[in-house]
Every structure is written in C-alpha cells, then in structure tokens.
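A.B. asks: Got a file for you: model14.txt, compact mmCIF, C-alpha atoms and all ligand atoms.
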# COMPACT_ATOMS: atom_id res chain seq x y z
CA MET X 23 57.83 70.55 83.98
CA SER X 24 57.78 73.21 86.69
CA GLU X 25 60.93 73.65 88.79
CA VAL X 26 60.64 73.11 92.54
CA ALA X 27 62.25 75.95 94.48
CA GLU X 28 64.82 74.71 96.99
CA THR X 29 64.04 75.63 100.59
CA PRO X 30 67.07 77.37 102.13
CA ALA X 31 68.66 75.45 105.02
CA PRO X 32 67.62 76.95 108.37
CA LYS X 33 70.28 79.22 109.88
CA LYS X 34 72.19 77.73 112.79
CA THR X 35 71.34 79.45 116.04
CA ASN X 36 72.28 79.07 119.70
CA ARG X 37 70.04 78.38 122.69
CA ILE X 38 68.65 81.95 122.71
CA GLY X 39 67.98 81.87 118.96
CA LEU X 40 70.91 84.06 117.84
CA GLU X 41 73.32 83.38 114.99
CA LEU X 42 77.09 83.49 115.35
CA THR X 43 77.24 86.65 113.24
CA GLN X 44 75.22 88.45 115.92
CA TYR X 45 78.21 88.01 118.26
CA ARG X 46 80.68 89.65 115.89
CA GLY X 47 81.86 93.27 115.92
CA SER X 48 83.54 95.62 113.47
CA LYS X 49 86.25 94.44 111.11
CA THR X 50 89.63 94.32 112.83
CA THR X 51 92.24 96.98 112.10
CA LEU X 52 95.03 95.00 113.83
CA CYS X 53 97.94 93.44 111.89
CA ALA X 54 97.23 90.19 110.04
CA GLY X 55 98.50 87.33 112.19
CA CYS X 56 98.25 89.27 115.49
CA GLY X 57 97.39 86.91 118.36
CA HIS X 58 94.81 89.41 119.61
CA ASN X 59 92.59 88.70 116.55
CA VAL X 60 92.52 84.99 117.37
CA ILE X 61 91.49 85.74 120.97
CA THR X 62 88.63 87.86 119.59
CA GLU X 63 87.45 84.83 117.58
CA ARG X 64 87.44 82.66 120.71
CA ILE X 65 85.50 85.30 122.69
CA ILE X 66 82.86 85.37 119.93
CA ASP X 67 82.63 81.55 119.96
CA ALA X 68 82.42 81.38 123.76
CA PHE X 69 79.60 83.93 124.12
CA TYR X 70 77.71 82.34 121.22
CA GLU X 71 78.06 78.80 122.53
CA MET X 72 77.09 79.84 126.05
CA GLY X 73 74.03 81.64 124.65
CA VAL X 74 74.77 84.91 126.46
CA ASP X 75 72.47 87.79 125.50
CA PRO X 76 74.94 90.31 124.05
CA THR X 77 72.77 93.25 125.13
CA ARG X 78 73.41 92.18 128.76
CA VAL X 79 77.19 92.46 128.37
CA MET X 80 79.46 95.40 129.19
CA LYS X 81 82.83 95.55 127.39
CA PHE X 82 85.70 97.56 128.87
CA SER X 83 89.25 98.33 127.82
CA GLY X 84 92.14 100.73 128.27
CA ILE X 85 94.58 101.72 125.51
CA GLY X 86 96.71 99.50 123.28
CA CYS X 87 96.25 97.21 120.27
CA SER X 88 94.67 94.72 122.69
CA SER X 89 92.37 97.38 124.10
CA LYS X 90 90.99 98.01 120.60
CA SER X 91 89.70 94.40 120.49
CA PRO X 92 86.31 94.92 122.19
CA ALA X 93 85.28 96.83 119.04
CA TYR X 94 85.70 93.57 117.11
CA PHE X 95 83.26 91.41 119.10
CA LEU X 96 79.69 91.62 120.44
CA ASN X 97 78.65 94.80 118.67
CA GLN X 98 75.29 94.76 120.43
CA ALA X 99 76.95 94.96 123.86
CA HIS X 100 77.64 98.16 125.79
CA GLY X 101 81.24 99.36 125.39
CA PHE X 102 83.60 101.73 127.24
CA ASN X 103 87.09 102.28 125.84
CA SER X 104 88.71 104.10 128.76
CA VAL X 105 92.11 105.59 129.54
CA HIS X 106 95.44 103.70 129.50
CA GLY X 107 95.52 101.37 132.54
CA ARG X 108 92.30 102.69 134.03
CA MET X 109 89.84 100.13 132.70
CA PRO X 110 89.38 98.37 136.08
CA SER X 111 87.98 101.45 137.82
CA VAL X 112 85.47 102.03 135.02
CA ALA X 113 84.53 98.34 135.13
CA THR X 114 84.15 98.53 138.92
CA GLY X 115 81.84 101.54 138.74
CA ALA X 116 79.69 100.06 136.00
CA THR X 117 79.45 96.66 137.70
CA LEU X 118 78.43 98.21 141.00
CA ALA X 119 75.84 100.32 139.20
CA ASN X 120 74.31 97.22 137.63
CA HIS X 121 75.54 93.87 138.89
CA THR X 122 73.01 91.99 136.77
CA MET X 123 75.09 92.74 133.66
CA MET X 124 78.13 90.68 132.67
CA GLY X 125 81.45 92.51 132.43
CA ILE X 126 84.37 91.62 130.18
CA GLY X 127 87.53 93.70 130.06
CA VAL X 128 90.38 93.37 127.58
CA SER X 129 93.75 94.73 128.56
CA GLY X 130 97.36 94.44 127.45
CA ASP X 131 100.48 93.52 129.41
CA GLY X 132 101.45 97.20 129.33
CA ASP X 133 97.95 98.43 130.11
CA ALA X 134 97.52 96.02 133.05
CA GLY X 135 101.11 95.43 134.18
CA ALA X 136 102.73 98.87 133.80
CA ILE X 137 100.60 102.02 134.01
CA GLY X 138 97.55 100.10 135.29
CA ILE X 139 99.20 97.86 137.88
CA GLY X 140 97.64 99.69 140.86
CA GLN X 141 94.16 99.26 139.41
CA PHE X 142 94.91 95.64 138.55
CA VAL X 143 95.98 94.90 142.14
CA HIS X 144 92.82 96.28 143.74
CA THR X 145 90.52 94.58 141.23
CA MET X 146 92.08 91.22 142.08
CA ARG X 147 91.77 91.68 145.84
CA ARG X 148 88.13 92.73 145.53
CA ASN X 149 87.22 89.72 143.42
CA LEU X 150 84.98 91.95 141.31
CA PRO X 151 82.74 89.89 138.98
CA LEU X 152 84.62 90.58 135.75
CA ILE X 153 86.31 88.56 133.03
CA LEU X 154 89.64 90.34 132.63
CA ILE X 155 91.66 89.13 129.67
CA VAL X 156 95.27 90.27 129.40
CA GLU X 157 96.45 89.86 125.81
CA ASP X 158 100.08 89.35 126.68
CA ASN X 159 102.70 89.93 123.98
CA GLY X 160 105.56 91.14 126.20
CA CYS X 161 105.66 94.53 124.49
CA TYR X 162 103.83 97.77 123.87
CA GLY X 163 102.54 96.86 120.40
CA LEU X 164 100.61 100.08 119.76
CA THR X 165 103.60 102.33 120.42
CA LYS X 166 106.03 100.28 118.31
CA GLY X 167 107.28 97.44 120.46
CA GLN X 168 108.99 98.77 123.60
CA MET X 169 109.49 96.15 126.35
CA SER X 170 106.66 95.65 128.81
CA PRO X 171 106.80 94.38 132.43
CA THR X 172 105.97 90.81 131.30
CA ALA X 173 109.00 90.62 128.98
CA ASP X 174 111.32 87.94 130.37
CA LEU X 175 114.74 88.76 131.77
CA GLY X 176 117.46 88.42 129.13
CA THR X 177 115.10 88.42 126.14
CA LYS X 178 115.89 90.65 123.21
CA MET X 179 113.46 93.24 121.89
CA LYS X 180 113.26 93.92 118.14
CA ASN X 181 115.27 97.15 118.53
CA GLY X 182 118.14 95.16 120.10
CA VAL X 183 117.48 96.20 123.71
CA VAL X 184 118.06 93.30 126.13
CA VAL X 185 115.56 93.12 129.00
CA ASP X 186 117.46 93.67 132.25
CA MET X 187 114.60 93.47 134.77
CA PRO X 188 112.76 90.40 136.07
CA PRO X 189 109.20 90.06 134.74
CA LEU X 190 105.89 90.48 136.53
CA ASP X 191 103.81 87.31 136.55
CA LEU X 192 100.23 88.58 136.36
CA CYS X 193 98.83 85.10 137.15
CA ALA X 194 100.94 84.79 140.32
CA LEU X 195 99.87 88.29 141.37
CA ALA X 196 96.20 87.50 140.74
CA VAL X 197 96.37 84.26 142.77
CA GLU X 198 98.20 85.95 145.62
CA LEU X 199 95.85 88.93 145.73
CA GLY X 200 92.52 87.11 145.82
CA ALA X 201 91.13 86.57 142.31
CA SER X 202 88.97 83.47 142.38
CA PHE X 203 89.62 82.30 138.78
CA VAL X 204 93.11 82.50 137.33
CA ALA X 205 94.11 80.90 134.04
CA ARG X 206 96.80 81.16 131.40
CA SER X 207 96.43 80.16 127.78
CA PHE X 208 97.95 80.75 124.37
CA SER X 209 96.08 82.47 121.53
CA GLY X 210 97.02 79.50 119.30
CA ASP X 211 95.41 76.91 121.59
CA LYS X 212 91.84 77.03 120.32
CA LYS X 213 90.40 74.21 122.45
CA GLN X 214 91.95 75.22 125.76
CA LEU X 215 91.19 78.93 125.40
CA LEU X 216 87.57 78.29 124.42
CA ALA X 217 86.99 76.00 127.42
CA ILE X 218 88.55 78.56 129.79
CA LEU X 219 86.47 81.41 128.37
CA LYS X 220 83.25 79.41 128.70
CA ALA X 221 84.09 78.54 132.30
CA ALA X 222 84.80 82.23 132.96
CA ILE X 223 81.35 83.16 131.66
CA ALA X 224 79.88 80.73 134.23
CA HIS X 225 81.96 82.12 137.12
CA ARG X 226 80.93 84.95 139.47
CA GLY X 227 84.15 86.64 140.58
CA THR X 228 87.31 88.00 139.00
CA CYS X 229 88.47 85.78 136.13
CA MET X 230 92.00 86.84 135.29
CA ILE X 231 92.99 85.16 132.04
CA ASP X 232 96.51 85.83 130.82
CA VAL X 233 96.63 84.86 127.15
CA ILE X 234 100.01 84.80 125.50
CA SER X 235 99.34 86.55 122.24
CA PRO X 236 102.33 87.06 119.94
CA CYS X 237 102.86 90.47 118.33
CA VAL X 238 103.90 89.50 114.80
CA THR X 239 105.15 92.99 114.00
CA PHE X 240 107.39 93.74 117.01
CA ASN X 241 107.97 90.64 119.14
CA ASP X 242 107.95 87.46 117.07
CA HIS X 243 111.68 87.09 116.48
CA GLU X 244 114.40 84.80 117.82
CA GLY X 245 115.43 85.86 121.31
CA SER X 246 111.84 86.67 122.34
CA THR X 247 109.97 84.36 124.73
CA LYS X 248 106.62 85.65 123.43
CA SER X 249 107.11 84.54 119.81
CA TYR X 250 104.89 81.86 118.23
CA ALA X 251 107.84 79.48 117.95
CA TYR X 252 108.99 79.88 121.57
CA VAL X 253 105.51 79.59 123.10
CA LYS X 254 104.67 76.48 121.05
CA ASP X 255 107.88 74.81 122.30
CA HIS X 256 107.55 75.87 125.93
CA ASP X 257 103.81 75.51 126.62
CA GLU X 258 103.49 73.22 129.65
CA GLU X 259 99.83 72.30 129.88
CA ILE X 260 98.93 71.54 133.50
CA GLY X 261 95.78 69.64 132.62
CA GLU X 262 93.14 69.33 129.97
CA VAL X 263 90.23 71.73 130.58
CA SER X 264 86.71 70.58 129.64
CA PHE X 265 83.60 72.58 130.33
CA VAL X 266 80.00 71.38 130.23
CA PRO X 267 77.43 74.21 130.49
CA PHE X 268 74.39 73.72 132.73
CA PHE X 269 72.06 73.51 129.72
CA GLU X 270 73.84 70.47 128.23
CA ASP X 271 73.70 66.88 129.42
CA ILE X 272 76.57 66.16 131.75
CA THR X 273 77.65 62.71 130.59
CA VAL X 274 81.41 63.02 130.95
CA ASP X 275 83.00 59.84 132.21
CA TYR X 276 86.47 60.13 133.69
CA GLU X 277 88.61 57.72 135.64
CA PRO X 278 88.37 58.63 139.32
CA GLY X 279 91.54 60.24 140.65
CA SER X 280 92.67 61.53 137.26
CA THR X 281 90.23 64.41 137.09
CA THR X 282 89.14 67.28 139.33
CA GLN X 283 85.44 68.00 138.88
CA LEU X 284 84.13 71.39 139.92
CA LYS X 285 80.58 72.64 140.06
CA MET X 286 80.26 76.22 138.87
CA HIS X 287 77.96 78.86 140.31
CA ASP X 288 75.34 78.47 137.53
CA GLY X 289 75.27 74.64 137.67
CA SER X 290 77.80 74.11 134.86
CA ALA X 291 80.62 71.63 135.37
CA LEU X 292 84.34 72.11 134.92
CA TYR X 293 86.55 69.04 134.45
CA LEU X 294 90.29 69.40 134.88
CA ARG X 295 92.16 66.30 133.78
CA LYS X 296 95.58 66.10 135.37
CA VAL X 297 98.30 65.60 132.80
CA ALA X 298 101.66 66.15 134.41
CA GLU X 299 101.22 65.89 138.16
CA ASP X 300 98.73 65.60 140.95
CA TYR X 301 97.72 69.24 140.74
CA ASN X 302 94.97 70.73 142.88
CA PRO X 303 93.66 73.96 141.25
CA GLN X 304 92.04 75.00 144.53
CA ASP X 305 95.33 75.09 146.43
CA LYS X 306 96.78 78.60 146.39
CA ILE X 307 100.27 77.58 147.50
CA ALA X 308 100.40 74.81 144.87
CA ALA X 309 99.38 77.35 142.21
CA LEU X 310 102.14 79.76 143.22
CA ARG X 311 104.70 76.93 143.38
CA LEU X 312 103.71 75.77 139.89
CA LEU X 313 104.08 79.27 138.47
CA HIS X 314 107.50 79.77 140.07
CA GLU X 315 108.82 76.37 139.03
CA THR X 316 107.69 76.55 135.41
CA ALA X 317 108.97 80.13 135.03
CA ALA X 318 112.37 79.05 136.42
CA ARG X 319 112.52 76.40 133.66
CA GLY X 320 111.61 79.01 131.02
CA GLU X 321 108.23 77.33 130.48
CA PHE X 322 104.66 78.70 130.51
CA ALA X 323 102.19 76.79 132.66
CA THR X 324 98.88 76.90 130.78
CA GLY X 325 95.42 75.80 131.82
CA MET X 326 93.27 76.42 134.88
CA ILE X 327 95.82 77.56 137.42
CA TYR X 328 93.55 78.44 140.32
CA ILE X 329 89.82 78.44 140.99
CA GLN X 330 87.51 78.91 143.96
CA PRO X 331 83.95 78.65 142.56
CA ASP X 332 82.24 79.71 145.81
CA GLN X 333 84.42 82.59 147.00
CA ASP X 334 82.50 85.75 147.92
CA ASN X 335 82.78 88.40 145.25
CA PHE X 336 82.72 92.20 145.62
CA ILE X 337 78.93 92.35 145.30
CA ASP X 338 78.57 89.86 148.20
CA THR X 339 81.15 91.72 150.29
CA LEU X 340 79.33 95.01 149.87
CA ASN X 341 76.00 93.27 150.53
CA LEU X 342 74.39 95.17 147.66
CA VAL X 343 70.62 95.14 147.26
CA ASP X 344 69.27 92.87 144.52
CA THR X 345 67.89 95.78 142.47
CA PRO X 346 70.74 97.33 140.47
CA LEU X 347 71.77 100.65 142.04
CA ALA X 348 71.26 102.33 138.66
CA LYS X 349 67.57 101.38 138.75
CA LEU X 350 66.78 102.57 142.27
CA PRO X 351 64.72 105.79 142.33
CA GLN X 352 66.26 109.04 143.56
CA SER X 353 63.95 108.90 146.57
CA VAL X 354 65.81 105.78 147.74
CA VAL X 355 69.42 106.60 146.86
CA ARG X 356 69.45 110.30 147.74
CA PRO X 357 68.69 111.67 151.21
CA PRO X 358 66.09 114.49 151.11
CA LYS X 359 67.11 118.13 151.49
CA SER X 360 65.85 118.14 155.09
CA VAL X 361 68.61 115.64 156.06
CA LEU X 362 71.29 117.86 154.52
CA ASP X 363 69.84 120.91 156.31
CA GLU X 364 69.91 119.03 159.59
CA MET X 365 73.58 118.09 159.11
CA MET X 366 74.50 121.64 158.21
CA ASN X 367 72.76 122.88 161.34
CA GLU X 368 74.73 120.42 163.47
CA LEU X 369 77.98 121.85 162.07
CA LYS X 370 77.08 125.45 163.01
C1 LIG E 401 98.53 107.92 129.90
C2 LIG E 401 99.15 107.29 128.70
N1 LIG E 401 100.45 106.97 128.71
C3 LIG E 401 101.03 106.39 127.63
C4 LIG E 401 100.30 106.17 126.51
C5 LIG E 401 100.97 105.56 125.29
N2 LIG E 401 100.60 104.17 125.11
C6 LIG E 401 99.54 103.80 124.36
S1 LIG E 401 99.32 102.16 124.28
C7 LIG E 401 100.69 101.91 125.26
C8 LIG E 401 101.13 100.53 125.63
C9 LIG E 401 100.31 99.43 125.06
O1 LIG E 401 100.84 98.17 125.41
P1 LIG E 401 99.90 96.99 125.82
O2 LIG E 401 98.95 97.41 126.87
O3 LIG E 401 100.78 95.84 126.14
O4 LIG E 401 99.03 96.72 124.52
P2 LIG E 401 99.44 96.11 123.10
O5 LIG E 401 99.48 97.28 122.18
O6 LIG E 401 100.76 95.45 123.23
O7 LIG E 401 98.34 95.16 122.81
C10 LIG E 401 101.29 103.11 125.63
C11 LIG E 401 102.49 103.19 126.47
C12 LIG E 401 98.92 106.52 126.52
N3 LIG E 401 98.13 106.30 125.47
N4 LIG E 401 98.39 107.08 127.63
S1 LIG E 402 101.56 95.92 116.40
FE1 LIG E 402 101.66 93.88 117.31
S2 LIG E 402 100.09 93.91 118.92
FE2 LIG E 402 99.66 95.61 117.55
S3 LIG E 402 98.20 94.83 116.03
FE3 LIG E 402 100.25 94.58 115.17
S4 LIG E 402 100.86 92.50 115.72
FE4 LIG E 402 99.16 93.06 117.06
MG MG E 403 101.36 94.31 124.90
Give the structure from the file, written as structure tokens.
C.D. replies:
Amino acid sequence: MSEVAETPAPKKTNRIGLELTQYRGSKTTLCAGCGHNVITERIIDAFYEMGVDPTRVMKFSGIGCSSKSPAYFLNQAHGFNSVHGRMPSVATGATLANHTMMGIGVSGDGDAGAIGIGQFVHTMRRNLPLILIVEDNGCYGLTKGQMSPTADLGTKMKNGVVVDMPPLDLCALAVELGASFVARSFSGDKKQLLAILKAAIAHRGTCMIDVISPCVTFNDHEGSTKSYAYVKDHDEEIGEVSFVPFFEDITVDYEPGSTTQLKMHDGSALYLRKVAEDYNPQDKIAALRLLHETAARGEFATGMIYIQPDQDNFIDTLNLVDTPLAKLPQSVVRPPKSVLDEMMNELK
C-alpha cells in the first residue's frame, strides 16, 4: 500500500499576505524579563494584524535599552538609531522628506524626558505624524539604573538614593502641548497595549504612548513605583479600549451612553468603554485633571487618555505638496543658478 504524503497546512498570513515572522527583527540582547521585550512583541502583533507593509515603515530611536528595541521588530523597515534624546528631529526630517511613509519612534524616559525633553516638547506641539513610544521604567537602564525624570518623588532607587524631585508626567505634557493621541499602558497589559498600538497605526498625528515597562535589573524592587508588583496594584484603567480596523466588519454592539465611539482617519473605529467615570477622551481639561488626580493618589491612569482624530498634523500645517519632497526633481526644489546670481547682484 502506497503512503499518501500529508499536505502541509497553509501558513497563516495577514491581509497583505505576510506571515508574522516577517514582522520580527533580530534576537533581543536585553535582559530576560525586561518590559521592553514585551512591548516589542506587541508592536510586531499590531503591525502584523493591521497588515502594514513593513517596507513602508521608518523606525527611529535615540540611545538606551529602550532605544535598542527597533532592531528587534520589523527588520524589513528602514531604521535610524540616532543620538541620545535627538530622535524626534531625525523623525521630523525623515517624515517631512516622505510623508507617505509611517514613522514609529521608540524612546526611554531618560531619552525623552531628560536630555531629549526640548525635542519632545516641539514634536508634541507640531503634532508630527509619528507613533512615539516611551518605554518608561523610571531609570536609566543602559547606564546602570540612575533615577530618571519620571521616577516618582520619595521612591528609592536600587543604589539607595531616594528621589527628591517631583516627576515629569510625559502624558500630561503631551496633552498640554498639542499631541492629538495620548495614551498610557503597561507592558504587562497585552490586550490594552495591542488595541492602543493598532489605533495609533490608524491615526495621523503624534501618538504619544507612555508604556510603563519595568527594568527587572535596576528598578523592580520594593520602594520603586515602576516595579511589576507596584504597577499591577496601582493600574487604574480609565476605560476598556477596543479597536476595529476599517477592513473588518464593524459589528460591535455597546449600550448607548457607556461607550465613546470614535471614527479614525482611515475609517477604522475606536470604542472606549467607560469603566470608572463619565470620561470624555476628547476633553483636554478632563484629561489633565485625570492625570493629576490619579498621580496624587499614587495610581497610574491607563488607557486612551486623550484623542482628537481630526486635528491638523504638521504636514497639513505646512501645506506640503502630495508628492514626497524626497521624490521631487532638483529642477523643482532648487532655484536655478540665475536666481542666485540675481540675489547676489541685489546685495552688491
Ligand atoms: C549625549 C549622551 N549623554 C549621555 C549618554 C549616556 N546614556 C546612554 S543611555 C542613557 C539613559 C538611558 O535611559 P532611558 O532613555 O530611560 O532608557 P532605558 O535604558 O532605561 O531603556 C544615558 C544617560 C549618552 N549615550 N549620550
Ligand atoms: S537593564 Fe533594565 S532596561 Fe536595560 S535591558 Fe535590562 S531590564 Fe531592560
Ligand atoms: Mg529608562
């Protein structure tokens, strides 16, 4: 009797025919258990599930353990590992050169909140189309755990130093300054983080996502407010986040009044189910109040803190031409020599 060869099961692919493995990057060199690795996994899942062409993505970062992460996802994307704190200016230049590409930047609380705070501020107020993830562990992991500007007042660092300065709240800053998508999550909250990342992919403006991401080596001890144990006990979810991409059937049925429904730029839908209070994620003052009140209680408000799906972004403000600047011929972007000669003559 001849044996019948088994046909291998077809490989699972997404809507553009790619497998999950095609969204991965190099093997991580970060510590086992580092929150940053879990965020990388969610980024891979989000881009795969949204069916984003990885070759149309630009990855940016500064310096830090967190800033090494872009090497671990989307290895077919373009990547620029810049200087400490200076990722936003590189991202701005690249996005203006080709606004048809999708930009994702990964930063750390030191990279974004200390040396890079000036760049962070101007990126938020420009509402540059960019997903900017801050992997927030309250310390400088790469340089052995010194306190960072997001370390809470009174917390104890591993070396015994007690933090004697009030923290920066990067979400509050982003809301205040003009970012149109501001969220906070926890690396350990798989469902919430994935929904937020997918919504960010659908948004056209600055998506500032602060993800609390414990550093198991330097900041996971008692006395730290960025440890796994503390964050799990003090995570105050403001509402369940569900995201339905434009290419899936929107058949979500929620009780009226309990859910905010938002239409995203690309036709996707974002559903924010209110858990604790009657929270309006489009009200800037309410967002700031929420952040202040939860911080005063020693809690982290997580979820979709603030969103304005239709706010003009930096490309709209500059009224850029549809053709990416990088693709315009020299004859269009550069005045001829005769114009320069004329100017020089006027200055004589
Ligand atoms: C101009 C400059 N200053 C200082 C450093 C040293 N340095 C490297 S990473 C880092 C902080 C990293 O902290 P964070 O951004 O929070 O990333 P993490 O390692 O915690 O993920 C510092 C101070 C540097 N590389 N370049
Ligand atoms: S030192 Fe901390 S932040 Fe850096 S890889 Fe290790 S656990 Fe992660
Ligand atoms: Mg850090």
A.B. asks: Taking only C-alpha atoms into account, name the residue in X:Cys229, X:Ala31, X:Val204, X:Ala136 that is nearest to X:Ile85.
C.D. replies: X:Ala136
A.B. asks: Taking a cut-off of 7 Å and counting only C-alpha atoms and all ligand atoms, can you build a table that, for each residue of chain X near ligand MG 403 (chain E), reports the nearest atom pair and how far apart they are in Å (one decimal), sorted by chain then residue number, as JSON lines?
C.D. replies:
{"residue": "X:Gly130", "atom": "CA", "partner": "E:MG403", "partner_atom": "MG", "distance": 4.7}
{"residue": "X:Asp131", "atom": "CA", "partner": "E:MG403", "partner_atom": "MG", "distance": 4.7}
{"residue": "X:Gly132", "atom": "CA", "partner": "E:MG403", "partner_atom": "MG", "distance": 5.3}
{"residue": "X:Glu157", "atom": "CA", "partner": "E:MG403", "partner_atom": "MG", "distance": 6.7}
{"residue": "X:Asp158", "atom": "CA", "partner": "E:MG403", "partner_atom": "MG", "distance": 5.4}
{"residue": "X:Asn159", "atom": "CA", "partner": "E:MG403", "partner_atom": "MG", "distance": 4.7}
{"residue": "X:Gly160", "atom": "CA", "partner": "E:MG403", "partner_atom": "MG", "distance": 5.4}
{"residue": "X:Cys161", "atom": "CA", "partner": "E:MG403", "partner_atom": "MG", "distance": 4.3}
{"residue": "X:Tyr162", "atom": "CA", "partner": "E:MG403", "partner_atom": "MG", "distance": 4.4}
{"residue": "X:Gly163", "atom": "CA", "partner": "E:MG403", "partner_atom": "MG", "distance": 5.3}
{"residue": "X:Ser170", "atom": "CA", "partner": "E:MG403", "partner_atom": "MG", "distance": 6.7}
A.B. asks: Could you report the residues within 10 Å of ligand LIG 401 (chain E), using all atoms listed in the file, as number ranges by chain?
C.D. replies: X: 52, 56-58, 83-91, 105-108, 128-138, 156-172, 235-237, 240-241
A.B. asks: Between X:Val143, X:Val74, X:Ala323, X:Leu310, which has the minimum distance to X:Ser111 (counting only C-alpha atoms)?
C.D. replies: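 Answer, going by the shortest atom-to-atom distance: X:Val143.
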A.B. asks: Which residues, written as a ChimeraX atom specification, have at least one atom at most 10 Å from X:Gln98, with only C-alpha atoms counted and residues fewer than 2 positions away on the same chain left out?
C.D. replies: /X:44-47,75-80,95-96,100-101
A.B. asks: With a distance cut-off of 9 Å and all atoms listed in the file, select the neighbouring residues of X:Thr122, excluding the residue or stretch itself and same-chain residues fewer than 2 positions from it, and output the selection as an MDAnalysis selection string.
C.D. replies: chainID X and resid 78 117 120 124 344:346
A.B. asks: Just the residues within 10 Å of X:His225, please, counting only C-alpha atoms, with nothing from its chain fewer than 6 positions along; format it as a ChimeraX atom specification.
C.D. replies: /X:151-153,202-203,219,286-288,290,329-332
A.B. asks: From the list X:Leu284, X:Ala194, X:Val354, X:Met187, which residue is nearest X:Gln304 when using only C-alpha atoms?
C.D. replies: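 Closest candidate: X:Leu284.
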A.B. asks: Between X:Asn302, X:Ser264, X:Thr114, X:Thr51, single out the one closest to X:Lys213, counting only C-alpha atoms.
C.D. replies: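 Checking each candidate against X:Lys213, we get X:Ser264 as the closest.
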A.B. asks: From the list X:Val361, X:Ser48, X:Gly200, X:Ala116, which residue is nearest X:Arg148 when using only C-alpha atoms?
C.D. replies: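 Nearest candidate to X:Arg148 out of X:Val361, X:Ser48, X:Gly200, X:Ala116: X:Gly200.
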A.B. asks: Separation of atom CA of X:Ser280 and atom CA of X:Pro303, in Å?
C.D. replies: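 Here the two named atoms are 13.1 Å from each other.
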A.B. asks: Kindly provide, as lines of an AutoDock Vina configuration file, the centre and edge lengths (Å, one decimal) of an axis-aligned box around all atoms of stretch 36-48 of chain X given in the file, with 6 Å on each side.
C.D. replies:
center_x = 75.8
center_y = 87.0
center_z = 118.0
size_x = 27.6
size_y = 29.2
size_z = 21.5
A.B. asks: So how far away is atom CA of X:Phe265 from atom CA of X:Ala251, in Å?
C.D. replies: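 It comes out at 28.1 Å.
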A.B. asks: Would you mind telling me which residue in X:Val185, X:Arg64, X:Thr43, X:Val238 lies nearest to ligand LIG 402 (chain E) when using all atoms listed in the file?
C.D. replies: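 Using all atoms listed in the file, the shortest distance to ligand LIG 402 (chain E) belongs to X:Val238.
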A.B. asks: Which distance in Å separates atom CA of X:Ala224 and atom CA of X:Met123, to one decimal?
C.D. replies: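 Taking atom CA of X:Ala224 as the start and atom CA of X:Met123 as the end point, the length is 12.9 Å.
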A.B. asks: Applying 10 Å and only C-alpha atoms, which residues near X:Asp186 remain after dropping the ones on its own chain fewer than 6 positions away? List them as a VMD selection string.
C.D. replies: chain X and resid 173 to 178
